[in-house]
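For reference, coords21.txt (compact mmCIF, C-alpha atoms and all ligand atoms):
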# COMPACT_ATOMS: atom_id res chain seq x y z
CA MET A 798 -13.74 9.43 19.04
CA LYS A 799 -11.84 11.72 16.66
CA ILE A 800 -9.02 9.81 15.01
CA LEU A 801 -6.41 11.38 12.78
CA VAL A 802 -4.60 9.14 10.31
CA LEU A 803 -1.20 9.95 8.83
CA ASN A 804 0.01 8.00 5.82
CA ALA A 805 3.49 9.25 4.95
CA GLY A 806 5.30 8.38 1.73
CA SER A 807 8.71 9.37 0.44
CA SER A 808 7.36 12.54 -1.22
CA SER A 809 3.85 12.90 0.13
CA GLN A 810 1.90 13.01 3.35
CA LYS A 811 -1.75 11.93 3.15
CA SER A 812 -3.99 12.48 6.11
CA SER A 813 -7.63 11.90 7.15
CA LEU A 814 -9.74 12.66 10.19
CA TYR A 815 -12.53 10.28 11.21
CA ASP A 816 -15.30 10.76 13.74
CA LEU A 817 -16.09 7.29 15.06
CA THR A 818 -18.70 5.98 17.45
CA ALA A 819 -19.46 2.40 18.43
CA PRO A 820 -20.51 0.22 16.73
CA LEU A 821 -18.18 0.93 13.80
CA PRO A 822 -19.95 0.94 10.42
CA GLN A 823 -19.47 -1.95 7.97
CA ASP A 824 -19.04 0.37 4.99
CA PRO A 825 -16.08 2.78 5.06
CA PRO A 826 -17.39 6.13 6.36
CA LYS A 827 -16.52 9.45 4.78
CA PRO A 828 -13.76 11.21 6.73
CA MET A 829 -14.62 14.66 8.20
CA TRP A 830 -11.43 16.10 6.71
CA THR A 831 -8.75 14.89 4.32
CA ALA A 832 -5.51 16.46 3.14
CA GLN A 833 -2.60 15.66 0.93
CA LEU A 834 0.80 17.31 0.93
CA ASP A 835 3.21 16.69 -1.98
CA TRP A 836 6.81 17.92 -2.06
CA GLY A 837 8.34 15.82 -4.82
CA ARG A 838 7.80 18.24 -7.69
CA GLN A 839 10.23 21.07 -6.94
CA PRO A 840 12.62 21.61 -4.01
CA GLY A 841 11.32 24.25 -1.57
CA LEU A 842 7.75 24.03 -2.88
CA VAL A 843 4.93 21.96 -1.42
CA ASP A 844 1.46 21.40 -2.85
CA LEU A 845 -1.33 21.18 -0.32
CA LYS A 846 -4.86 19.97 -1.00
CA VAL A 847 -7.42 20.05 1.81
CA GLN A 848 -11.04 18.92 1.89
CA GLY A 849 -12.76 20.10 5.06
CA ALA A 850 -15.67 22.35 6.01
CA ALA A 851 -15.32 24.52 2.88
CA GLY A 852 -14.97 21.85 0.17
CA VAL A 853 -11.73 21.31 -1.73
CA GLN A 854 -8.98 23.93 -1.58
CA ARG A 855 -5.44 23.88 -2.97
CA TRP A 856 -2.36 25.86 -2.06
CA GLN A 857 1.18 25.98 -3.31
CA LEU A 858 3.49 26.91 -0.44
CA GLN A 859 7.11 27.95 -0.34
CA THR A 860 8.12 25.93 2.68
CA SER A 861 9.70 22.71 3.94
CA PRO A 862 7.82 19.38 4.15
CA SER A 863 7.80 19.53 7.98
CA GLU A 864 6.38 23.08 8.08
CA GLY A 865 3.95 22.04 5.36
CA THR A 866 2.78 19.18 7.60
CA GLN A 867 2.21 21.66 10.41
CA ILE A 868 0.21 23.98 8.13
CA MET A 869 -1.77 21.01 6.81
CA LEU A 870 -2.71 19.83 10.32
CA GLN A 871 -3.63 23.35 11.50
CA THR A 872 -6.38 23.49 8.87
CA ILE A 873 -8.25 20.92 11.03
CA TRP A 874 -8.95 23.55 13.70
CA GLN A 875 -8.06 26.89 12.06
CA GLY A 876 -9.41 28.79 9.06
CA GLU A 877 -12.34 28.11 6.80
CA GLN A 878 -11.65 24.35 6.41
CA ALA A 879 -11.77 23.83 10.20
CA VAL A 880 -13.88 20.90 11.36
CA LEU A 881 -12.87 20.90 15.06
CA PRO A 882 -12.92 23.75 17.62
CA ASP A 883 -9.30 23.12 18.64
CA ALA A 884 -6.48 20.61 18.47
CA SER A 885 -7.39 19.06 21.84
CA ALA A 886 -10.54 17.55 20.27
CA ILE A 887 -8.35 14.91 18.56
CA ASP A 888 -8.37 11.69 20.62
CA GLY A 889 -5.68 9.67 18.88
CA VAL A 890 -3.44 9.45 15.82
CA GLY A 891 -2.82 6.34 13.69
CA HIS A 892 0.25 6.07 11.48
CA ARG A 893 0.97 3.76 8.60
CA VAL A 894 4.47 2.44 9.29
CA VAL A 895 5.95 0.51 6.40
CA HIS A 896 8.44 -1.78 8.15
CA GLY A 897 7.83 -3.37 11.56
CA GLY A 898 10.55 -6.01 11.15
CA GLN A 899 10.36 -9.25 13.12
CA ASP A 900 9.02 -7.66 16.28
CA TYR A 901 5.58 -6.43 15.33
CA SER A 902 2.76 -8.69 14.19
CA GLN A 903 0.09 -6.30 15.54
CA SER A 904 -0.54 -2.58 15.70
CA VAL A 905 0.91 -0.97 18.85
CA ARG A 906 0.72 2.23 20.89
CA VAL A 907 3.75 4.36 20.04
CA THR A 908 6.32 4.40 22.85
CA LYS A 909 10.00 5.30 23.00
CA ALA A 910 10.82 1.63 22.26
CA VAL A 911 8.51 1.60 19.22
CA LYS A 912 10.13 4.75 17.85
CA GLU A 913 13.55 3.21 18.36
CA ALA A 914 12.45 0.06 16.51
CA ILE A 915 11.12 2.11 13.56
CA ALA A 916 14.45 3.98 13.45
CA ARG A 917 16.44 0.73 13.68
CA LEU A 918 14.55 -0.61 10.66
CA ILE A 919 15.36 2.41 8.44
CA PRO A 920 18.03 0.46 6.50
CA LEU A 921 15.29 -2.01 5.46
CA ALA A 922 12.84 0.70 4.31
CA PRO A 923 14.97 3.77 3.59
CA ALA A 924 12.29 5.54 1.54
CA HIS A 925 9.49 5.09 4.07
CA ASN A 926 10.43 4.49 7.72
CA PRO A 927 12.15 7.91 8.10
CA ALA A 928 8.99 9.63 6.82
CA ASN A 929 6.83 7.55 9.18
CA LEU A 930 9.03 8.49 12.12
CA LYS A 931 8.94 12.17 11.13
CA GLY A 932 5.13 11.98 11.12
CA ILE A 933 5.17 10.65 14.69
CA THR A 934 7.57 13.32 15.96
CA ALA A 935 5.65 16.05 14.08
CA ILE A 936 2.50 15.06 16.00
CA GLU A 937 4.42 15.12 19.29
CA GLU A 938 5.66 18.62 18.50
CA ILE A 939 2.35 19.99 17.26
CA LEU A 940 -0.18 18.16 19.43
CA GLY A 941 1.92 17.18 22.46
CA THR A 942 3.42 13.94 23.76
CA ASP A 943 0.33 12.98 25.79
CA LEU A 944 -1.84 12.36 22.72
CA PRO A 945 -1.98 8.58 22.09
CA GLN A 946 -0.40 7.52 18.82
CA VAL A 947 -0.65 4.10 17.20
CA ALA A 948 1.70 2.48 14.67
CA VAL A 949 -0.01 0.23 12.10
CA PHE A 950 2.60 -1.81 10.24
CA ASP A 951 2.47 -2.79 6.58
CA THR A 952 4.50 -5.91 7.38
CA ALA A 953 2.35 -7.08 10.32
CA PHE A 954 -0.27 -8.96 8.30
CA HIS A 955 2.41 -11.21 6.79
CA ARG A 956 4.22 -12.01 10.06
CA GLN A 957 2.38 -15.34 10.42
CA MET A 958 3.49 -16.52 6.95
CA PRO A 959 4.73 -20.12 7.10
CA ALA A 960 8.51 -20.40 7.43
CA ALA A 961 8.69 -22.08 4.02
CA ALA A 962 7.30 -18.93 2.39
CA ALA A 963 9.20 -16.49 4.60
CA THR A 964 12.69 -18.04 4.33
CA TYR A 965 15.16 -17.38 1.51
CA PRO A 966 17.29 -20.32 0.40
CA ILE A 967 20.47 -18.67 1.71
CA PRO A 968 22.71 -19.65 4.67
CA TYR A 969 20.49 -19.90 7.72
CA ALA A 970 22.72 -17.62 9.79
CA LEU A 971 21.59 -14.74 7.54
CA THR A 972 17.94 -15.68 8.05
CA GLN A 973 18.56 -15.55 11.80
CA GLN A 974 19.91 -12.02 11.33
CA GLY A 975 16.53 -11.01 9.88
CA MET A 976 17.21 -11.49 6.16
CA LYS A 977 13.87 -13.06 5.36
CA ARG A 978 10.69 -12.32 3.48
CA TYR A 979 8.52 -9.75 5.30
CA GLY A 980 6.01 -8.73 2.64
CA PHE A 981 4.33 -5.30 2.43
CA HIS A 982 0.98 -3.62 1.61
CA GLY A 983 -0.37 -5.67 4.53
CA ILE A 984 -2.86 -3.00 5.61
CA SER A 985 -4.38 -3.02 2.12
CA HIS A 986 -4.30 -6.83 1.68
CA ARG A 987 -5.97 -7.40 5.05
CA TYR A 988 -8.59 -4.72 4.45
CA CYS A 989 -9.42 -6.16 1.00
CA ALA A 990 -9.74 -9.69 2.39
CA GLN A 991 -12.14 -8.51 5.10
CA ARG A 992 -14.13 -6.43 2.62
CA ALA A 993 -14.27 -9.32 0.13
CA ALA A 994 -15.73 -11.60 2.83
CA GLN A 995 -18.37 -8.93 3.58
CA LEU A 996 -19.24 -8.48 -0.10
CA LEU A 997 -19.36 -12.25 -0.71
CA GLU A 998 -21.40 -12.67 2.50
CA ARG A 999 -19.14 -15.48 3.64
CA PRO A 1000 -17.03 -15.80 6.79
CA LEU A 1001 -13.44 -14.77 6.16
CA ASP A 1002 -12.14 -17.93 7.83
CA SER A 1003 -13.83 -20.04 5.14
CA LEU A 1004 -12.13 -18.29 2.21
CA ARG A 1005 -8.98 -18.68 0.12
CA LEU A 1006 -8.31 -15.34 -1.56
CA ILE A 1007 -5.74 -13.74 -3.83
CA THR A 1008 -5.58 -9.97 -3.40
CA CYS A 1009 -3.83 -8.03 -6.17
CA HIS A 1010 -2.66 -4.62 -4.93
CA LEU A 1011 -1.60 -2.93 -8.17
CA GLY A 1012 -0.53 0.68 -7.58
CA ASN A 1013 2.81 2.34 -8.26
CA GLY A 1014 4.12 -0.33 -5.93
CA ALA A 1015 2.45 -3.69 -6.47
CA SER A 1016 2.14 -6.98 -4.64
CA LEU A 1017 -0.09 -10.02 -4.37
CA ALA A 1018 -1.11 -11.88 -1.22
CA ALA A 1019 -2.37 -15.43 -0.84
CA ILE A 1020 -4.79 -15.33 2.07
CA ALA A 1021 -6.22 -18.44 3.72
CA GLN A 1022 -8.72 -18.18 6.60
CA GLY A 1023 -7.87 -14.50 6.95
CA HIS A 1024 -4.10 -15.06 7.22
CA SER A 1025 -1.43 -14.21 4.68
CA VAL A 1026 0.25 -17.48 3.69
CA ASP A 1027 2.33 -16.06 0.84
CA THR A 1028 3.06 -12.74 -0.82
CA THR A 1029 5.20 -11.46 -3.67
CA MET A 1030 7.23 -8.74 -1.91
CA GLY A 1031 10.02 -9.93 0.34
CA PHE A 1032 12.87 -8.52 2.39
CA THR A 1033 12.19 -5.16 0.73
CA PRO A 1034 9.30 -3.84 -1.42
CA LEU A 1035 11.43 -4.57 -4.50
CA GLU A 1036 10.73 -8.30 -4.88
CA GLY A 1037 7.98 -9.80 -7.00
CA LEU A 1038 5.80 -8.07 -9.58
CA MET A 1039 6.96 -5.52 -12.12
CA MET A 1040 5.91 -2.07 -10.84
CA GLY A 1041 5.82 1.57 -11.95
CA SER A 1042 9.54 2.23 -11.67
CA ARG A 1043 10.65 -0.83 -9.65
CA SER A 1044 11.90 -3.89 -11.48
CA GLY A 1045 10.39 -6.51 -9.19
CA SER A 1046 12.30 -9.80 -9.18
CA VAL A 1047 15.30 -10.14 -11.49
CA ASP A 1048 18.01 -12.76 -11.58
CA PRO A 1049 20.37 -11.84 -8.70
CA GLY A 1050 23.17 -12.95 -11.03
CA LEU A 1051 22.40 -9.88 -13.14
CA LEU A 1052 23.30 -7.64 -10.21
CA ILE A 1053 26.52 -9.53 -9.56
CA HIS A 1054 27.33 -9.12 -13.25
CA LEU A 1055 26.71 -5.34 -13.19
CA LEU A 1056 28.77 -4.90 -10.02
CA ARG A 1057 31.59 -7.00 -11.41
CA GLN A 1058 31.66 -5.06 -14.68
CA GLY A 1059 32.45 -2.03 -12.57
CA ASP A 1060 30.02 0.45 -14.15
CA TYR A 1061 27.54 0.18 -11.29
CA GLY A 1062 28.10 0.83 -7.60
CA VAL A 1063 25.62 0.00 -4.85
CA ASP A 1064 23.79 3.34 -5.12
CA ASP A 1065 23.59 3.01 -8.92
CA LEU A 1066 21.99 -0.40 -8.56
CA ASP A 1067 19.55 0.97 -6.00
CA ARG A 1068 18.52 3.74 -8.41
CA LEU A 1069 18.40 1.38 -11.40
CA LEU A 1070 16.12 -1.15 -9.73
CA ASN A 1071 13.93 1.17 -7.65
CA ARG A 1072 13.54 4.23 -9.86
CA GLU A 1073 14.57 3.49 -13.43
CA SER A 1074 13.04 0.07 -14.08
CA GLY A 1075 9.52 -1.36 -14.23
CA LEU A 1076 7.01 0.22 -16.62
CA LEU A 1077 9.26 3.28 -16.92
CA GLY A 1078 12.41 1.32 -17.70
CA VAL A 1079 10.92 -0.99 -20.31
CA SER A 1080 8.59 1.50 -22.03
CA GLY A 1081 10.93 4.48 -21.87
CA VAL A 1082 7.70 6.48 -21.59
CA SER A 1083 6.52 6.68 -17.98
CA SER A 1084 6.03 4.81 -14.73
CA ASP A 1085 2.34 5.66 -14.94
CA MET A 1086 0.15 2.95 -16.47
CA ARG A 1087 -2.16 5.55 -18.04
CA ASP A 1088 0.74 7.03 -20.03
CA VAL A 1089 1.90 3.57 -21.09
CA LEU A 1090 -1.61 2.69 -22.31
CA ALA A 1091 -1.84 6.02 -24.16
CA ALA A 1092 1.53 5.38 -25.85
CA ILE A 1093 0.35 1.91 -26.92
CA ALA A 1094 -2.70 3.52 -28.53
CA THR A 1095 -0.34 5.58 -30.71
CA GLY A 1096 1.54 2.45 -31.80
CA ASN A 1097 4.54 2.64 -29.43
CA GLU A 1098 6.00 -0.89 -29.50
CA GLN A 1099 8.23 -0.47 -26.48
CA ALA A 1100 5.21 0.60 -24.44
CA GLN A 1101 3.41 -2.52 -25.69
CA LEU A 1102 6.35 -4.64 -24.55
CA ALA A 1103 6.22 -3.00 -21.10
CA LEU A 1104 2.53 -3.93 -20.77
CA ASP A 1105 3.20 -7.45 -22.04
CA VAL A 1106 5.96 -7.99 -19.45
CA TYR A 1107 3.72 -6.50 -16.74
CA ILE A 1108 0.88 -8.91 -17.59
CA HIS A 1109 3.22 -11.89 -18.01
CA ARG A 1110 4.66 -11.39 -14.55
CA LEU A 1111 1.28 -10.71 -13.00
CA ARG A 1112 -0.07 -14.00 -14.37
CA TYR A 1113 3.08 -15.81 -13.26
CA TYR A 1114 2.69 -14.65 -9.67
CA VAL A 1115 -1.08 -15.21 -9.57
CA GLY A 1116 -0.19 -18.80 -10.51
CA ALA A 1117 2.31 -18.95 -7.64
CA MET A 1118 -0.23 -17.62 -5.11
CA LEU A 1119 -2.81 -20.08 -6.41
CA MET A 1120 -0.47 -23.00 -5.72
CA SER A 1121 0.31 -21.68 -2.23
CA LEU A 1122 -3.43 -21.69 -1.51
CA GLY A 1123 -4.30 -24.96 -3.26
CA GLY A 1124 -7.62 -23.50 -4.44
CA LEU A 1125 -9.41 -20.19 -4.80
CA ASP A 1126 -12.66 -18.69 -3.48
CA GLY A 1127 -12.12 -15.09 -4.59
CA LEU A 1128 -9.80 -12.93 -6.69
CA VAL A 1129 -9.59 -9.28 -5.69
CA PHE A 1130 -8.17 -6.32 -7.63
CA THR A 1131 -7.29 -3.12 -5.79
CA ALA A 1132 -5.19 0.13 -5.89
CA GLY A 1133 -4.81 2.47 -8.90
CA ILE A 1134 -4.32 -0.10 -11.67
CA GLY A 1135 -6.34 -2.87 -9.99
CA GLU A 1136 -9.31 -0.57 -9.43
CA ARG A 1137 -9.24 1.27 -12.76
CA SER A 1138 -7.70 -0.83 -15.51
CA PRO A 1139 -10.19 -3.21 -17.18
CA GLU A 1140 -7.40 -4.29 -19.59
CA VAL A 1141 -5.14 -5.57 -16.83
CA ARG A 1142 -7.95 -7.36 -14.97
CA ALA A 1143 -9.21 -8.98 -18.18
CA ALA A 1144 -5.72 -10.18 -19.09
CA VAL A 1145 -5.24 -11.88 -15.71
CA CYS A 1146 -8.68 -13.49 -15.76
CA GLU A 1147 -8.28 -14.68 -19.36
CA SER A 1148 -5.43 -16.95 -18.31
CA LEU A 1149 -7.59 -18.32 -15.47
CA GLY A 1150 -10.32 -19.21 -17.99
CA PHE A 1151 -9.33 -22.89 -17.95
CA LEU A 1152 -10.34 -22.96 -14.26
CA GLY A 1153 -13.78 -21.60 -15.14
CA VAL A 1154 -13.11 -17.97 -14.18
CA ARG A 1155 -15.45 -15.76 -16.26
CA LEU A 1156 -15.52 -11.97 -16.27
CA ASP A 1157 -18.65 -9.98 -17.02
CA GLY A 1158 -17.20 -7.76 -19.77
CA ASP A 1159 -19.54 -4.83 -19.13
CA ARG A 1160 -19.11 -4.88 -15.34
CA ASN A 1161 -15.34 -5.08 -15.78
CA GLN A 1162 -15.39 -2.12 -18.16
CA GLU A 1163 -17.33 -0.05 -15.60
CA SER A 1164 -14.61 -0.57 -12.94
CA PRO A 1165 -17.19 -0.54 -10.13
CA ALA A 1166 -15.98 0.07 -6.57
CA ASP A 1167 -16.56 -2.77 -4.09
CA ALA A 1168 -18.45 -5.04 -6.45
CA LEU A 1169 -18.29 -8.30 -8.38
CA ILE A 1170 -17.07 -8.18 -11.97
CA SER A 1171 -17.41 -11.93 -12.70
CA THR A 1172 -20.44 -13.66 -14.19
CA PRO A 1173 -22.82 -15.57 -11.89
CA ASP A 1174 -21.51 -18.88 -13.31
CA SER A 1175 -17.83 -18.02 -12.84
CA ALA A 1176 -16.06 -20.77 -10.88
CA VAL A 1177 -14.41 -18.07 -8.74
CA PRO A 1178 -15.88 -14.65 -7.94
CA VAL A 1179 -13.72 -11.74 -9.09
CA LEU A 1180 -14.05 -8.43 -7.25
CA VAL A 1181 -12.86 -4.85 -7.53
CA ILE A 1182 -12.33 -3.34 -4.08
CA GLN A 1183 -11.35 0.22 -3.42
CA THR A 1184 -8.52 -0.03 -0.94
CA GLN A 1185 -9.12 2.05 2.16
CA GLU A 1186 -5.83 2.04 4.02
CA ASP A 1187 -6.72 5.14 6.04
CA TRP A 1188 -10.00 3.63 7.19
CA ALA A 1189 -8.21 0.39 8.10
CA ILE A 1190 -5.64 2.38 10.14
CA ALA A 1191 -8.40 4.38 11.85
CA GLN A 1192 -10.15 1.14 12.87
CA GLU A 1193 -6.94 -0.35 14.28
CA CYS A 1194 -6.35 2.86 16.22
CA TRP A 1195 -9.93 2.87 17.51
CA HIS A 1196 -9.74 -0.74 18.71
CA LEU A 1197 -6.45 -0.15 20.53
CA LEU A 1198 -7.60 3.07 22.18
CA GLU A 1199 -11.05 1.71 23.09
CA HIS A 1200 -9.43 -1.18 24.95
CA SER A 1201 -6.62 0.70 26.65
P1 LIG A 1301 0.34 4.47 -5.08
O1 LIG A 1301 0.97 3.12 -5.03
O2 LIG A 1301 1.31 5.58 -5.29
O3 LIG A 1301 -0.69 4.74 -3.97
P2 LIG A 1301 -2.00 4.25 -6.83
O4 LIG A 1301 -2.66 3.15 -6.07
O5 LIG A 1301 -2.65 5.59 -6.88
O6 LIG A 1301 -0.48 4.44 -6.44
O7 LIG A 1301 -1.83 3.72 -8.33
C1 LIG A 1301 -1.13 4.46 -9.28
C2 LIG A 1301 -1.19 3.71 -10.60
O8 LIG A 1301 -2.56 3.57 -10.99
C3 LIG A 1301 -0.49 4.46 -11.73
O9 LIG A 1301 0.26 3.55 -12.52
C4 LIG A 1301 -1.65 4.97 -12.55
O10 LIG A 1301 -1.34 5.09 -13.90
C5 LIG A 1301 -2.65 3.85 -12.37
N1 LIG A 1301 -3.99 4.28 -12.79
C6 LIG A 1301 -4.76 5.25 -12.26
N2 LIG A 1301 -5.89 5.38 -13.01
C7 LIG A 1301 -5.82 4.47 -14.01
C8 LIG A 1301 -6.67 4.11 -15.12
N3 LIG A 1301 -7.82 4.73 -15.31
N4 LIG A 1301 -6.24 3.12 -15.94
C9 LIG A 1301 -5.07 2.52 -15.76
N5 LIG A 1301 -4.23 2.80 -14.74
C10 LIG A 1301 -4.59 3.77 -13.88
Take the structure in the file and give it back as structure tokens.
Ligand code: ADP
Amino acid sequence: MKILVLNAGSSSQKSSLYDLTAPLPQDPPKPMWTAQLDWGRQPGLVDLKVQGAAGVQRWQLQTSPSEGTQIMLQTIWQGEQAVLPDASAIDGVGHRVVHGGQDYSQSVRVTKAVKEAIARLIPLAPAHNPANLKGITAIEEILGTDLPQVAVFDTAFHRQMPAAAATYPIPYALTQQGMKRYGFHGISHRYCAQRAAQLLERPLDSLRLITCHLGNGASLAAIAQGHSVDTTMGFTPLEGLMMGSRSGSVDPGLLIHLLRQGDYGVDDLDRLLNRESGLLGVSGVSSDMRDVLAAIATGNEQAQLALDVYIHRLRYYVGAMLMSLGGLDGLVFTAGIGERSPEVRAAVCESLGFLGVRLDGDRNQESPADALISTPDSAVPVLVIQTQEDWAIAQECWHLLEHS
């Protein structure tokens, strides 16, 4: 079965094509074709990178994101990168959809009602749900409405969170209107939990895990018996950890203060907290951890403070997840910073030393993919896992289409 995966962000569209046959492999297979479209750099210009039959190729195109998506998809069956004879060889399309609200705790076949639900939830995920919906309609336009499409929600994994973790201490009428903690990065957290169980050779339902997804956006999940029981993101992907340009949690009183002072309107606050804060806001250097680390190496004290706050908050929330679990059988690091920053992993594990967590310094420095980085006598195994959201989406899509 040929499954196309679309993973749309606010300024990029990543895509992969998998050729799957039963039984599905344990290790993530290499996709037949991958592509990435970026349009954030300059209005009217899109960057396209494709890896298909002819290796890696890059283009810079003067076009719109939607036309760029069409050009990107056509390379699957046209030109030198083509890996399929024609578009009809694609059996199904899986989409990452960021917000599934209260309705969706599982992946679903896309229908008119599902599209309406994704649209209805746009106010809760304004940067992502519109892009996800555009991806779905683009496929309908390019490949036809008969091709099965599947929505895989980032919120779904956290839908079973206990009410105590999912409810804000605000008037209950607001909770009933949907103002509760949803959590995000669920596709990644679930994939990492399953992969950790495989790597540890233990059944997932016997494990208490903390998964640390540390990318530009960042969140932790406390996972017991394969279910998310707590997470750091909430009603929106702004709560919790300090991130690249997002503040994470701040005293809500601060926002009331800024609004009351009159210098900030709602849109200003949105920009301040989502795009001007986090590593970028504190360091004044960049939202990219590599730049912050490079600035620290040249003696930049503000960059050092940004890293210190980042680590402080990461430790703080690992502590919170630990208490939600009441014990720990595995600590997992994933996404850009989690997979590639030995400094950040070492700093978290250092504060868990009193529990007997011990890192193997050399293994940690190597940043191995899908491997242990703790010593054999560590009280809790620590792992680096390369998150494979596209592969997780492809599997969800395969299971739904196989059984429909
Ligand atoms: P996204 O959330 O956009 O998918 P990624 O998972 O790619 O992001 O993570 C991006 C983050 O990973 C950036 O802050 C980047 O600096 C960081 N990163 C990538 N490589 C390294 C590295 N070698 N050391 C430290 N941080 C890194």
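For ligand LIG 1301 (chain A), the protein and nucleic acid residues at most 6 Å away, judged by only C-alpha atoms and all ligand atoms, amount to Gly1012, Asn1013, Gly1014, Gly1041, Asp1085, Met1086, Arg1087, Ala1132, Gly1133, Ile1134, Arg1137 and Ser1138 of chain A.
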Taking C-alpha atoms for each residue, export the selection above as a PDB file, keeping the file's coordinate frame.
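result-v6.pdb, written as the output of this step:
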ATOM      1  CA  GLY A1012      -0.530   0.680  -7.580  1.00  0.00           C
ATOM      2  CA  ASN A1013       2.810   2.340  -8.260  1.00  0.00           C
ATOM      3  CA  GLY A1014       4.120  -0.330  -5.930  1.00  0.00           C
ATOM      4  CA  GLY A1041       5.820   1.570 -11.950  1.00  0.00           C
ATOM      5  CA  ASP A1085       2.340   5.660 -14.940  1.00  0.00           C
ATOM      6  CA  MET A1086       0.150   2.950 -16.470  1.00  0.00           C
ATOM      7  CA  ARG A1087      -2.160   5.550 -18.040  1.00  0.00           C
ATOM      8  CA  ALA A1132      -5.190   0.130  -5.890  1.00  0.00           C
ATOM      9  CA  GLY A1133      -4.810   2.470  -8.900  1.00  0.00           C
ATOM     10  CA  ILE A1134      -4.320  -0.100 -11.670  1.00  0.00           C
ATOM     11  CA  ARG A1137      -9.240   1.270 -12.760  1.00  0.00           C
ATOM     12  CA  SER A1138      -7.700  -0.830 -15.510  1.00  0.00           C
TER      13      SER A1138
END
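From atom CA of Leu1001 of chain A back to atom CA of Gln957 of chain A, the distance works out to 16.4 Å.
Nearest to Glu1136 of chain A of all the residues A:Ile1093, A:Leu845, A:Ile1182, A:Met976 is A:Ile1182, counting all atoms listed in the file.
Between atom CA of Gln995 of chain A and atom CA of Ala953 of chain A there is a distance of 21.9 Å.
Residues lying within 9 Å of segment 1072-1082 of chain A, counting all atoms listed in the file and ignoring same-chain neighbours fewer than 6 positions away, are A:Leu1038, A:Met1039, A:Met1040, A:Gly1041, A:Ser1042, A:Arg1043, A:Ser1044, A:Gly1045, A:Asp1088, A:Val1089, A:Ala1092, A:Asn1097, A:Glu1098, A:Gln1099, A:Ala1100, A:Gln1101, A:Leu1102, A:Ala1103, A:Leu1104, A:Val1106, A:Tyr1107.
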- Please provide the set of residues having any atom within 10 Å of segment 1004-1009 of chain A, restricted to all atoms listed in the file, with same-chain residues fewer than 2 positions apart removed, written as an MDAnalysis selection string. chainID A and resid 985:990 993:994 997 999:1002 1011:1012 1015:1029 1111 1114:1115 1118:1119 1122:1132 1134:1136 1142 1177:1182
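With all atoms listed in the file as the atoms that count, the minimum distance from Asp1187 of chain A to the choices A:Leu971, A:Val1141, A:Ile984, A:Ile868 is reached by A:Ile984.
Reported to one decimal place, the separation of atom CA of Leu834 of chain A from atom CA of Lys846 of chain A is 6.5 Å.
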- For Pro828 of chain A: contacts at 8 Å, all atoms listed in the file, fewer than 2 positions along chain excluded, given as a list in words: Ser813, Leu814, Tyr815, Asp816, Pro826, Trp830 and Thr831 of chain A
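Every protein, DNA or RNA residue with an atom at most 12 Å from Asp943 of chain A, where all atoms listed in the file count and chain neighbours fewer than 3 positions away do not, is listed here: Ser885, Ile887, Asp888, Gly889, Val890, Arg906, Val907, Thr908, Ile936, Glu937, Glu938, Ile939, Leu940 and Gln946 of chain A.
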Sorted by chain and rising residue number, list the residues of segment 937-1035 of chain A at most 9 Å from segment 1192-1195 of chain A (counting all atoms listed in the file), each with its closest atom pair and distance in Å to one decimal, as CSV.
residue,atom,partner,partner_atom,distance
A:Gln946,CA,A:Cys1194,CA,8.0
A:Val947,CA,A:Cys1194,CA,5.9
A:Ala948,CA,A:Cys1194,CA,8.2
A:Val949,CA,A:Glu1193,CA,7.3
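Using only C-alpha atoms, the shortest contact distance between Ile919 of chain A and any of A:His896, A:Lys931, A:Lys827, A:Arg1112 is found at A:His896.
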